[in-house]
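One structure below.
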Amino acid sequence: MPPLALTVLTTTDSAEKAGALARGAVEARLAACAQVSGPVTSVYHWKQAVETSEEWQVLFKTTEDRYEALETHLLAAHDYETPEIVATPVVRGSAAYLEWIAAETVAR
């Protein structure tokens, strides 16, 4: 049985930065895949004000075993003071796809 798969979400303020985060994680085998989508409009509290900004989302497919390394990588590569990094377990998925995620995220 493959390890638990996760989707991990982050956002950033440009398509170029989102692409770099995606490519860096996949090249390092911290994620099997990363999808960039956007722009999206984010509304949030920051420094005692409500802010609105345009952002790009990056959704990584990884395993629970690789989460800590992916989070460390994102914190080092991200230019936000407090980046969104949210992991969600994949509760169901096709066996072949989940096996592919596990195989592609093995540290080499």
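Labeling convention for the structure tokens: chains A, B, ... as they appear, residues from 1 per chain, ligands from 1 in order of appearance.
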
Near A:Ala87, within 8 Å and counting only C-alpha atoms, which residues show up once chain neighbours fewer than 2 positions away are dropped, as a PDB file with N, CA and C atoms, in the first residue's frame?
```
ATOM      1  N   LEU A   6      -1.092  13.453  -0.209  1.00  0.00           N
ATOM      2  CA  LEU A   6      -1.560  14.767   0.225  1.00  0.00           C
ATOM      3  C   LEU A   6      -1.637  15.702  -0.964  1.00  0.00           C
ATOM      4  N   THR A   7      -2.543  16.654  -0.909  1.00  0.00           N
ATOM      5  CA  THR A   7      -2.455  17.825  -1.764  1.00  0.00           C
ATOM      6  C   THR A   7      -2.033  18.966  -0.848  1.00  0.00           C
ATOM      7  N   VAL A   8      -1.126  19.786  -1.332  1.00  0.00           N
ATOM      8  CA  VAL A   8      -0.596  20.893  -0.536  1.00  0.00           C
ATOM      9  C   VAL A   8      -0.779  22.165  -1.354  1.00  0.00           C
ATOM     10  N   LEU A   9      -1.409  23.154  -0.761  1.00  0.00           N
ATOM     11  CA  LEU A   9      -1.732  24.397  -1.447  1.00  0.00           C
ATOM     12  C   LEU A   9      -0.883  25.540  -0.929  1.00  0.00           C
ATOM     13  N   ILE A  85       0.497  27.537   3.480  1.00  0.00           N
ATOM     14  CA  ILE A  85       0.917  26.164   3.180  1.00  0.00           C
ATOM     15  C   ILE A  85      -0.065  25.273   3.914  1.00  0.00           C
ATOM     16  N   PRO A  89      -5.304  15.625   3.247  1.00  0.00           N
ATOM     17  CA  PRO A  89      -5.116  14.222   2.870  1.00  0.00           C
ATOM     18  C   PRO A  89      -6.031  13.840   1.714  1.00  0.00           C
TER      19      PRO A  89
END
```

All strand (DSSP E) residues (DSSP, backbone) inside chain A, as a short mmCIF file (atom, residue, chain, number, x, y, z; two decimals) with all heavy atoms, in the first residue's frame:
```
data_model
loop_
_atom_site.label_atom_id
_atom_site.label_comp_id
_atom_site.auth_asym_id
_atom_site.auth_seq_id
_atom_site.Cartn_x
_atom_site.Cartn_y
_atom_site.Cartn_z
N ALA A 5 -1.32 9.95 0.44
CA ALA A 5 -1.11 11.06 -0.48
C ALA A 5 -1.71 12.33 0.12
O ALA A 5 -2.69 12.29 0.86
CB ALA A 5 -1.73 10.76 -1.83
N LEU A 6 -1.09 13.45 -0.21
CA LEU A 6 -1.56 14.77 0.22
C LEU A 6 -1.64 15.70 -0.96
O LEU A 6 -0.85 15.58 -1.90
CB LEU A 6 -0.59 15.40 1.23
CG LEU A 6 -0.26 14.67 2.51
CD1 LEU A 6 0.82 15.44 3.27
CD2 LEU A 6 -1.49 14.52 3.38
N THR A 7 -2.54 16.65 -0.91
CA THR A 7 -2.45 17.82 -1.76
C THR A 7 -2.03 18.97 -0.85
O THR A 7 -2.49 19.07 0.29
CB THR A 7 -3.78 18.15 -2.47
OG1 THR A 7 -4.80 18.36 -1.51
CG2 THR A 7 -4.17 17.04 -3.43
N VAL A 8 -1.13 19.79 -1.33
CA VAL A 8 -0.60 20.89 -0.54
C VAL A 8 -0.78 22.16 -1.35
O VAL A 8 -0.34 22.24 -2.51
CB VAL A 8 0.89 20.68 -0.19
CG1 VAL A 8 1.44 21.86 0.60
CG2 VAL A 8 1.07 19.39 0.61
N LEU A 9 -1.41 23.15 -0.76
CA LEU A 9 -1.73 24.40 -1.45
C LEU A 9 -0.88 25.54 -0.93
O LEU A 9 -0.68 25.67 0.29
CB LEU A 9 -3.21 24.73 -1.21
CG LEU A 9 -3.73 26.03 -1.82
CD1 LEU A 9 -3.73 25.96 -3.34
CD2 LEU A 9 -5.12 26.33 -1.29
N THR A 10 -0.40 26.36 -1.86
CA THR A 10 0.20 27.63 -1.51
C THR A 10 -0.24 28.65 -2.54
O THR A 10 -0.80 28.29 -3.58
CB THR A 10 1.74 27.56 -1.40
OG1 THR A 10 2.22 28.73 -0.72
CG2 THR A 10 2.42 27.44 -2.75
N THR A 11 0.00 29.92 -2.25
CA THR A 11 -0.30 31.00 -3.19
C THR A 11 0.88 31.95 -3.24
O THR A 11 1.69 32.02 -2.31
CB THR A 11 -1.55 31.80 -2.75
OG1 THR A 11 -1.35 32.29 -1.42
CG2 THR A 11 -2.80 30.95 -2.81
N THR A 12 0.96 32.68 -4.34
CA THR A 12 1.98 33.71 -4.49
C THR A 12 1.45 34.79 -5.41
O THR A 12 0.38 34.63 -6.00
CB THR A 12 3.32 33.12 -4.98
OG1 THR A 12 4.34 34.11 -4.87
CG2 THR A 12 3.22 32.59 -6.41
N CYS A 33 3.75 16.25 -8.85
CA CYS A 33 3.09 17.15 -9.79
C CYS A 33 2.76 18.42 -9.04
O CYS A 33 2.55 18.40 -7.83
CB CYS A 33 1.81 16.47 -10.30
SG CYS A 33 0.73 17.50 -11.30
N ALA A 34 2.70 19.52 -9.77
CA ALA A 34 2.23 20.78 -9.20
C ALA A 34 1.42 21.49 -10.27
O ALA A 34 1.86 21.59 -11.41
CB ALA A 34 3.40 21.64 -8.75
N GLN A 35 0.25 21.92 -9.91
CA GLN A 35 -0.62 22.64 -10.84
C GLN A 35 -0.72 24.09 -10.43
O GLN A 35 -0.95 24.40 -9.26
CB GLN A 35 -2.01 22.02 -10.85
CG GLN A 35 -2.02 20.60 -11.38
CD GLN A 35 -3.37 19.93 -11.18
OE1 GLN A 35 -3.96 20.05 -10.12
NE2 GLN A 35 -3.82 19.24 -12.20
N VAL A 36 -0.54 24.98 -11.41
CA VAL A 36 -0.63 26.42 -11.17
C VAL A 36 -1.94 26.90 -11.77
O VAL A 36 -2.25 26.59 -12.92
CB VAL A 36 0.57 27.15 -11.83
CG1 VAL A 36 0.41 28.65 -11.68
CG2 VAL A 36 1.89 26.67 -11.24
N SER A 37 -2.70 27.64 -10.98
CA SER A 37 -3.94 28.23 -11.50
C SER A 37 -4.06 29.66 -11.00
O SER A 37 -3.55 30.02 -9.94
CB SER A 37 -5.16 27.41 -11.10
OG SER A 37 -5.28 27.33 -9.71
N GLY A 38 -4.71 30.46 -11.79
CA GLY A 38 -4.91 31.84 -11.39
C GLY A 38 -5.06 32.72 -12.60
O GLY A 38 -5.04 32.23 -13.74
N PRO A 39 -5.23 33.94 -12.39
CA PRO A 39 -5.22 34.57 -11.07
C PRO A 39 -6.51 34.32 -10.30
O PRO A 39 -7.55 34.06 -10.88
CB PRO A 39 -5.05 36.05 -11.39
CG PRO A 39 -5.66 36.22 -12.74
CD PRO A 39 -5.41 34.92 -13.46
N VAL A 40 -6.38 34.38 -8.99
CA VAL A 40 -7.52 34.34 -8.08
C VAL A 40 -7.47 35.61 -7.25
O VAL A 40 -6.41 36.21 -7.08
CB VAL A 40 -7.50 33.09 -7.16
CG1 VAL A 40 -7.59 31.81 -7.97
CG2 VAL A 40 -6.27 33.07 -6.26
N THR A 41 -8.60 36.01 -6.73
CA THR A 41 -8.65 37.17 -5.85
C THR A 41 -8.69 36.68 -4.42
O THR A 41 -9.55 35.88 -4.06
CB THR A 41 -9.89 38.03 -6.15
OG1 THR A 41 -9.84 38.45 -7.52
CG2 THR A 41 -9.97 39.24 -5.24
N SER A 42 -7.75 37.14 -3.63
CA SER A 42 -7.69 36.78 -2.21
C SER A 42 -8.05 37.99 -1.37
O SER A 42 -7.57 39.10 -1.62
CB SER A 42 -6.28 36.30 -1.85
OG SER A 42 -5.97 35.11 -2.51
N VAL A 43 -8.89 37.78 -0.38
CA VAL A 43 -9.27 38.81 0.58
C VAL A 43 -8.90 38.27 1.96
O VAL A 43 -9.32 37.17 2.32
CB VAL A 43 -10.79 39.11 0.51
CG1 VAL A 43 -11.17 40.20 1.52
CG2 VAL A 43 -11.19 39.51 -0.91
N TYR A 44 -8.11 39.04 2.71
CA TYR A 44 -7.56 38.50 3.96
C TYR A 44 -7.19 39.63 4.92
O TYR A 44 -6.99 40.77 4.51
CB TYR A 44 -6.32 37.65 3.65
CG TYR A 44 -5.29 38.37 2.80
CD1 TYR A 44 -4.24 39.06 3.38
CD2 TYR A 44 -5.39 38.37 1.41
CE1 TYR A 44 -3.31 39.74 2.61
CE2 TYR A 44 -4.46 39.04 0.63
CZ TYR A 44 -3.43 39.72 1.24
OH TYR A 44 -2.51 40.40 0.47
N HIS A 45 -7.10 39.27 6.20
CA HIS A 45 -6.59 40.19 7.22
C HIS A 45 -5.06 40.14 7.17
O HIS A 45 -4.46 39.07 7.15
CB HIS A 45 -7.03 39.75 8.62
CG HIS A 45 -8.43 40.15 8.94
ND1 HIS A 45 -8.77 41.40 9.38
CD2 HIS A 45 -9.59 39.45 8.87
CE1 HIS A 45 -10.07 41.47 9.58
NE2 HIS A 45 -10.60 40.28 9.27
N TRP A 46 -4.43 41.31 7.19
CA TRP A 46 -2.97 41.37 7.27
C TRP A 46 -2.59 42.69 7.92
O TRP A 46 -2.97 43.76 7.46
CB TRP A 46 -2.33 41.26 5.88
CG TRP A 46 -0.84 41.20 5.95
CD1 TRP A 46 0.04 42.16 5.51
CD2 TRP A 46 -0.04 40.16 6.51
NE1 TRP A 46 1.32 41.77 5.76
CE2 TRP A 46 1.31 40.55 6.38
CE3 TRP A 46 -0.33 38.95 7.12
CZ2 TRP A 46 2.36 39.75 6.82
CZ3 TRP A 46 0.71 38.17 7.55
CH2 TRP A 46 2.04 38.57 7.39
N ALA A 49 -5.45 45.15 8.83
CA ALA A 49 -6.24 45.70 7.73
C ALA A 49 -6.77 44.56 6.88
O ALA A 49 -6.21 43.46 6.88
CB ALA A 49 -5.37 46.63 6.88
N VAL A 50 -7.84 44.82 6.19
CA VAL A 50 -8.36 43.85 5.22
C VAL A 50 -7.74 44.19 3.87
O VAL A 50 -7.85 45.33 3.40
CB VAL A 50 -9.90 43.88 5.15
CG1 VAL A 50 -10.40 42.96 4.06
CG2 VAL A 50 -10.49 43.49 6.50
N GLU A 51 -7.07 43.22 3.30
CA GLU A 51 -6.36 43.40 2.02
C GLU A 51 -7.06 42.59 0.94
O GLU A 51 -7.68 41.56 1.21
CB GLU A 51 -4.92 42.90 2.15
CG GLU A 51 -4.10 43.59 3.21
CD GLU A 51 -3.69 45.00 2.84
OE1 GLU A 51 -3.68 45.33 1.63
OE2 GLU A 51 -3.39 45.78 3.75
N THR A 52 -6.91 43.03 -0.28
CA THR A 52 -7.37 42.29 -1.46
C THR A 52 -6.21 42.27 -2.44
O THR A 52 -5.60 43.31 -2.70
CB THR A 52 -8.59 42.98 -2.10
OG1 THR A 52 -9.63 43.05 -1.14
CG2 THR A 52 -9.07 42.21 -3.32
N SER A 53 -5.89 41.08 -2.95
CA SER A 53 -4.79 40.99 -3.91
C SER A 53 -5.06 39.88 -4.92
O SER A 53 -5.87 38.98 -4.70
CB SER A 53 -3.46 40.74 -3.19
OG SER A 53 -3.48 39.50 -2.52
N GLU A 54 -4.36 39.97 -6.02
CA GLU A 54 -4.40 38.96 -7.06
C GLU A 54 -3.28 37.97 -6.79
O GLU A 54 -2.13 38.38 -6.59
CB GLU A 54 -4.23 39.63 -8.42
CG GLU A 54 -4.38 38.71 -9.59
CD GLU A 54 -4.34 39.48 -10.89
OE1 GLU A 54 -3.24 39.72 -11.40
OE2 GLU A 54 -5.41 39.84 -11.40
N GLU A 55 -3.62 36.68 -6.78
CA GLU A 55 -2.62 35.66 -6.49
C GLU A 55 -2.78 34.48 -7.45
O GLU A 55 -3.79 34.35 -8.13
CB GLU A 55 -2.76 35.14 -5.06
CG GLU A 55 -2.45 36.18 -4.01
CD GLU A 55 -2.47 35.60 -2.61
OE1 GLU A 55 -3.54 35.12 -2.17
OE2 GLU A 55 -1.42 35.63 -1.96
N TRP A 56 -1.76 33.63 -7.47
CA TRP A 56 -1.77 32.38 -8.22
C TRP A 56 -1.64 31.26 -7.20
O TRP A 56 -0.84 31.34 -6.27
CB TRP A 56 -0.62 32.34 -9.22
CG TRP A 56 -0.94 33.11 -10.45
CD1 TRP A 56 -1.28 32.58 -11.66
CD2 TRP A 56 -0.97 34.52 -10.62
NE1 TRP A 56 -1.53 33.59 -12.56
CE2 TRP A 56 -1.36 34.79 -11.94
CE3 TRP A 56 -0.75 35.60 -9.76
CZ2 TRP A 56 -1.50 36.08 -12.43
CZ3 TRP A 56 -0.89 36.88 -10.25
CH2 TRP A 56 -1.26 37.10 -11.57
N GLN A 57 -2.43 30.22 -7.39
CA GLN A 57 -2.40 29.05 -6.51
C GLN A 57 -1.50 27.98 -7.11
O GLN A 57 -1.48 27.79 -8.33
CB GLN A 57 -3.79 28.46 -6.33
CG GLN A 57 -4.74 29.36 -5.61
CD GLN A 57 -6.11 28.73 -5.46
OE1 GLN A 57 -6.57 27.97 -6.30
NE2 GLN A 57 -6.78 29.06 -4.37
N VAL A 58 -0.79 27.30 -6.24
CA VAL A 58 -0.02 26.13 -6.65
C VAL A 58 -0.49 24.97 -5.79
O VAL A 58 -0.48 25.05 -4.56
CB VAL A 58 1.50 26.33 -6.46
CG1 VAL A 58 2.26 25.15 -7.05
CG2 VAL A 58 1.96 27.65 -7.08
N LEU A 59 -0.94 23.90 -6.45
CA LEU A 59 -1.42 22.70 -5.77
C LEU A 59 -0.44 21.57 -6.04
O LEU A 59 -0.28 21.15 -7.19
CB LEU A 59 -2.82 22.33 -6.26
CG LEU A 59 -3.48 21.17 -5.52
CD1 LEU A 59 -3.74 21.53 -4.06
CD2 LEU A 59 -4.78 20.79 -6.22
N PHE A 60 0.23 21.12 -5.00
CA PHE A 60 1.25 20.06 -5.10
C PHE A 60 0.62 18.72 -4.76
O PHE A 60 -0.20 18.64 -3.84
CB PHE A 60 2.39 20.33 -4.11
CG PHE A 60 3.08 21.63 -4.32
CD1 PHE A 60 2.66 22.76 -3.63
CD2 PHE A 60 4.15 21.74 -5.18
CE1 PHE A 60 3.29 23.98 -3.81
CE2 PHE A 60 4.80 22.96 -5.36
CZ PHE A 60 4.36 24.08 -4.68
N LYS A 61 1.04 17.66 -5.45
CA LYS A 61 0.64 16.29 -5.12
C LYS A 61 1.87 15.61 -4.54
O LYS A 61 2.90 15.49 -5.21
CB LYS A 61 0.19 15.52 -6.37
CG LYS A 61 -1.20 15.85 -6.88
CD LYS A 61 -1.46 17.29 -7.04
CE LYS A 61 -2.76 17.62 -7.73
NZ LYS A 61 -2.68 17.69 -9.14
N THR A 62 1.78 15.19 -3.30
CA THR A 62 2.92 14.60 -2.62
C THR A 62 2.44 13.51 -1.67
O THR A 62 1.29 13.09 -1.72
CB THR A 62 3.72 15.70 -1.88
OG1 THR A 62 4.98 15.17 -1.45
CG2 THR A 62 2.97 16.26 -0.69
N THR A 63 3.35 13.06 -0.81
CA THR A 63 3.00 12.06 0.19
C THR A 63 3.24 12.63 1.58
O THR A 63 4.00 13.59 1.76
CB THR A 63 3.84 10.77 0.04
OG1 THR A 63 5.21 11.11 0.25
CG2 THR A 63 3.64 10.13 -1.32
N VAL A 86 -0.99 24.67 3.16
CA VAL A 86 -2.07 23.89 3.75
C VAL A 86 -2.08 22.52 3.09
O VAL A 86 -2.15 22.42 1.86
CB VAL A 86 -3.43 24.59 3.53
CG1 VAL A 86 -4.56 23.76 4.08
CG2 VAL A 86 -3.42 25.98 4.15
N ALA A 87 -2.02 21.48 3.91
CA ALA A 87 -2.04 20.10 3.40
C ALA A 87 -3.40 19.48 3.68
O ALA A 87 -3.95 19.63 4.76
CB ALA A 87 -0.94 19.28 4.06
N THR A 88 -3.88 18.75 2.68
CA THR A 88 -5.14 18.04 2.80
C THR A 88 -4.90 16.58 2.42
O THR A 88 -4.34 16.31 1.35
CB THR A 88 -6.20 18.64 1.86
OG1 THR A 88 -6.33 20.03 2.15
CG2 THR A 88 -7.53 17.95 2.01
N PRO A 89 -5.30 15.63 3.25
CA PRO A 89 -5.12 14.22 2.87
C PRO A 89 -6.03 13.84 1.71
O PRO A 89 -7.16 14.32 1.62
CB PRO A 89 -5.49 13.45 4.14
CG PRO A 89 -6.28 14.38 4.97
CD PRO A 89 -5.92 15.78 4.56
#
```

Next item on the list: Within chain A, find each residue whose DSSP state, derived from the backbone, is helix (DSSP H, G or I), and express the selection as a ChimeraX atom specification.
Entry: /A:15-27,64-77,95-104

Output the selection as a tab-separated table (two decimals), in the first residue's frame - N, CA, C and O atoms for each residue.
```tsv
chain	number	residue	atom	x	y	z
A	15	ALA	N	2.48	34.76	-11.64
A	15	ALA	CA	2.53	33.48	-12.35
A	15	ALA	C	3.96	32.95	-12.40
A	15	ALA	O	4.19	31.74	-12.28
A	16	GLU	N	4.92	33.84	-12.56
A	16	GLU	CA	6.32	33.42	-12.63
A	16	GLU	C	6.79	32.80	-11.31
A	16	GLU	O	7.47	31.77	-11.31
A	17	LYS	N	6.44	33.43	-10.19
A	17	LYS	CA	6.81	32.88	-8.89
A	17	LYS	C	6.12	31.55	-8.64
A	17	LYS	O	6.72	30.62	-8.10
A	18	ALA	N	4.85	31.45	-9.04
A	18	ALA	CA	4.12	30.19	-8.87
A	18	ALA	C	4.79	29.09	-9.69
A	18	ALA	O	4.98	27.97	-9.20
A	19	GLY	N	5.16	29.39	-10.91
A	19	GLY	CA	5.85	28.41	-11.76
A	19	GLY	C	7.17	27.97	-11.17
A	19	GLY	O	7.53	26.80	-11.23
A	20	ALA	N	7.91	28.92	-10.59
A	20	ALA	CA	9.20	28.58	-9.98
A	20	ALA	C	9.00	27.68	-8.75
A	20	ALA	O	9.77	26.73	-8.56
A	21	LEU	N	8.00	27.98	-7.93
A	21	LEU	CA	7.72	27.12	-6.77
A	21	LEU	C	7.35	25.72	-7.22
A	21	LEU	O	7.81	24.72	-6.66
A	22	ALA	N	6.50	25.63	-8.25
A	22	ALA	CA	6.07	24.33	-8.77
A	22	ALA	C	7.25	23.54	-9.31
A	22	ALA	O	7.46	22.38	-8.96
A	23	ARG	N	8.04	24.17	-10.18
A	23	ARG	CA	9.18	23.49	-10.80
A	23	ARG	C	10.21	23.06	-9.77
A	23	ARG	O	10.71	21.94	-9.80
A	24	GLY	N	10.50	23.91	-8.81
A	24	GLY	CA	11.50	23.58	-7.79
A	24	GLY	C	11.11	22.37	-6.97
A	24	GLY	O	11.94	21.50	-6.70
A	25	ALA	N	9.85	22.29	-6.59
A	25	ALA	CA	9.39	21.16	-5.77
A	25	ALA	C	9.38	19.87	-6.57
A	25	ALA	O	9.77	18.81	-6.07
A	26	VAL	N	8.95	19.94	-7.83
A	26	VAL	CA	8.91	18.73	-8.66
A	26	VAL	C	10.34	18.28	-8.98
A	26	VAL	O	10.65	17.08	-8.90
A	27	GLU	N	11.22	19.20	-9.34
A	27	GLU	CA	12.61	18.84	-9.63
A	27	GLU	C	13.28	18.19	-8.42
A	27	GLU	O	14.10	17.27	-8.58
A	64	GLU	N	2.60	12.01	2.55
A	64	GLU	CA	2.80	12.41	3.94
A	64	GLU	C	4.29	12.32	4.31
A	64	GLU	O	4.81	13.17	5.04
A	65	ASP	N	4.98	11.31	3.77
A	65	ASP	CA	6.41	11.13	4.06
A	65	ASP	C	7.25	12.31	3.58
A	65	ASP	O	8.30	12.59	4.14
A	66	ARG	N	6.82	13.00	2.52
A	66	ARG	CA	7.60	14.10	1.93
A	66	ARG	C	7.11	15.48	2.36
A	66	ARG	O	7.70	16.50	1.98
A	67	TYR	N	6.04	15.52	3.16
A	67	TYR	CA	5.46	16.81	3.52
A	67	TYR	C	6.47	17.73	4.21
A	67	TYR	O	6.60	18.91	3.85
A	68	GLU	N	7.14	17.26	5.23
A	68	GLU	CA	8.06	18.13	5.99
A	68	GLU	C	9.12	18.75	5.08
A	68	GLU	O	9.41	19.95	5.19
A	69	ALA	N	9.69	17.94	4.19
A	69	ALA	CA	10.71	18.46	3.26
A	69	ALA	C	10.09	19.47	2.30
A	69	ALA	O	10.72	20.48	1.97
A	70	LEU	N	8.86	19.20	1.83
A	70	LEU	CA	8.19	20.16	0.94
A	70	LEU	C	7.92	21.46	1.67
A	70	LEU	O	8.18	22.55	1.14
A	71	GLU	N	7.42	21.39	2.89
A	71	GLU	CA	7.17	22.61	3.66
A	71	GLU	C	8.45	23.41	3.87
A	71	GLU	O	8.47	24.64	3.68
A	72	THR	N	9.52	22.74	4.23
A	72	THR	CA	10.82	23.41	4.42
A	72	THR	C	11.26	24.10	3.12
A	72	THR	O	11.71	25.25	3.14
A	73	HIS	N	11.11	23.39	2.01
A	73	HIS	CA	11.47	23.95	0.70
A	73	HIS	C	10.63	25.18	0.39
A	73	HIS	O	11.16	26.22	-0.05
A	74	LEU	N	9.32	25.10	0.60
A	74	LEU	CA	8.44	26.24	0.30
A	74	LEU	C	8.75	27.43	1.18
A	74	LEU	O	8.78	28.58	0.71
A	75	LEU	N	8.99	27.21	2.45
A	75	LEU	CA	9.33	28.31	3.35
A	75	LEU	C	10.63	29.00	2.93
A	75	LEU	O	10.75	30.23	3.01
A	76	ALA	N	11.59	28.22	2.46
A	76	ALA	CA	12.87	28.79	2.02
A	76	ALA	C	12.74	29.53	0.69
A	76	ALA	O	13.39	30.56	0.47
A	77	ALA	N	11.90	29.02	-0.21
A	77	ALA	CA	11.79	29.58	-1.56
A	77	ALA	C	10.76	30.69	-1.67
A	77	ALA	O	10.81	31.48	-2.62
A	95	ALA	N	-5.78	3.77	-7.58
A	95	ALA	CA	-4.57	3.10	-7.07
A	95	ALA	C	-3.36	3.45	-7.92
A	95	ALA	O	-2.28	3.74	-7.39
A	96	ALA	N	-3.52	3.43	-9.22
A	96	ALA	CA	-2.38	3.70	-10.11
A	96	ALA	C	-1.86	5.12	-9.91
A	96	ALA	O	-0.64	5.35	-9.89
A	97	TYR	N	-2.75	6.09	-9.77
A	97	TYR	CA	-2.32	7.48	-9.57
A	97	TYR	C	-1.63	7.65	-8.23
A	97	TYR	O	-0.57	8.29	-8.15
A	98	LEU	N	-2.17	7.07	-7.18
A	98	LEU	CA	-1.55	7.17	-5.86
A	98	LEU	C	-0.18	6.49	-5.84
A	98	LEU	O	0.76	7.00	-5.21
A	99	GLU	N	-0.05	5.38	-6.53
A	99	GLU	CA	1.25	4.71	-6.64
A	99	GLU	C	2.24	5.58	-7.40
A	99	GLU	O	3.43	5.63	-7.07
A	100	TRP	N	1.76	6.27	-8.44
A	100	TRP	CA	2.63	7.16	-9.22
A	100	TRP	C	3.14	8.30	-8.33
A	100	TRP	O	4.34	8.63	-8.37
A	101	ILE	N	2.27	8.90	-7.52
A	101	ILE	CA	2.70	9.96	-6.61
A	101	ILE	C	3.80	9.43	-5.69
A	101	ILE	O	4.84	10.08	-5.51
A	102	ALA	N	3.58	8.26	-5.11
A	102	ALA	CA	4.57	7.69	-4.20
A	102	ALA	C	5.89	7.42	-4.91
A	102	ALA	O	6.96	7.73	-4.38
A	103	ALA	N	5.84	6.87	-6.11
A	103	ALA	CA	7.07	6.55	-6.86
A	103	ALA	C	7.84	7.81	-7.26
A	103	ALA	O	9.08	7.81	-7.22
A	104	GLU	N	7.14	8.86	-7.61
A	104	GLU	CA	7.80	10.09	-8.08
A	104	GLU	C	8.32	10.97	-6.98
A	104	GLU	O	9.06	11.92	-7.25
```

Check: Interatomic distance between atom CA of A:Val106 and atom CA of A:His78?
Finding: 23.0 Å

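From atom CA of A:Arg92 back to atom CA of A:Ala28, the distance works out to 25.4 Å.
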
Notebook entry, point to check: Which value, in Å to one decimal, gives the distance between atom CA of A:Thr105 and atom CA of A:Val91?
Noted result: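 Those two atoms sit 18.4 Å apart.
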
Next item on the list: Name the closest residue to A:Tyr80 among the candidates A:Ser94, A:Ser14, A:Ala107, A:Ala32; distances are taken between atoms, counting only C-alpha atoms.
Entry: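 That would be A:Ser14, the residue with the smallest distance to A:Tyr80.
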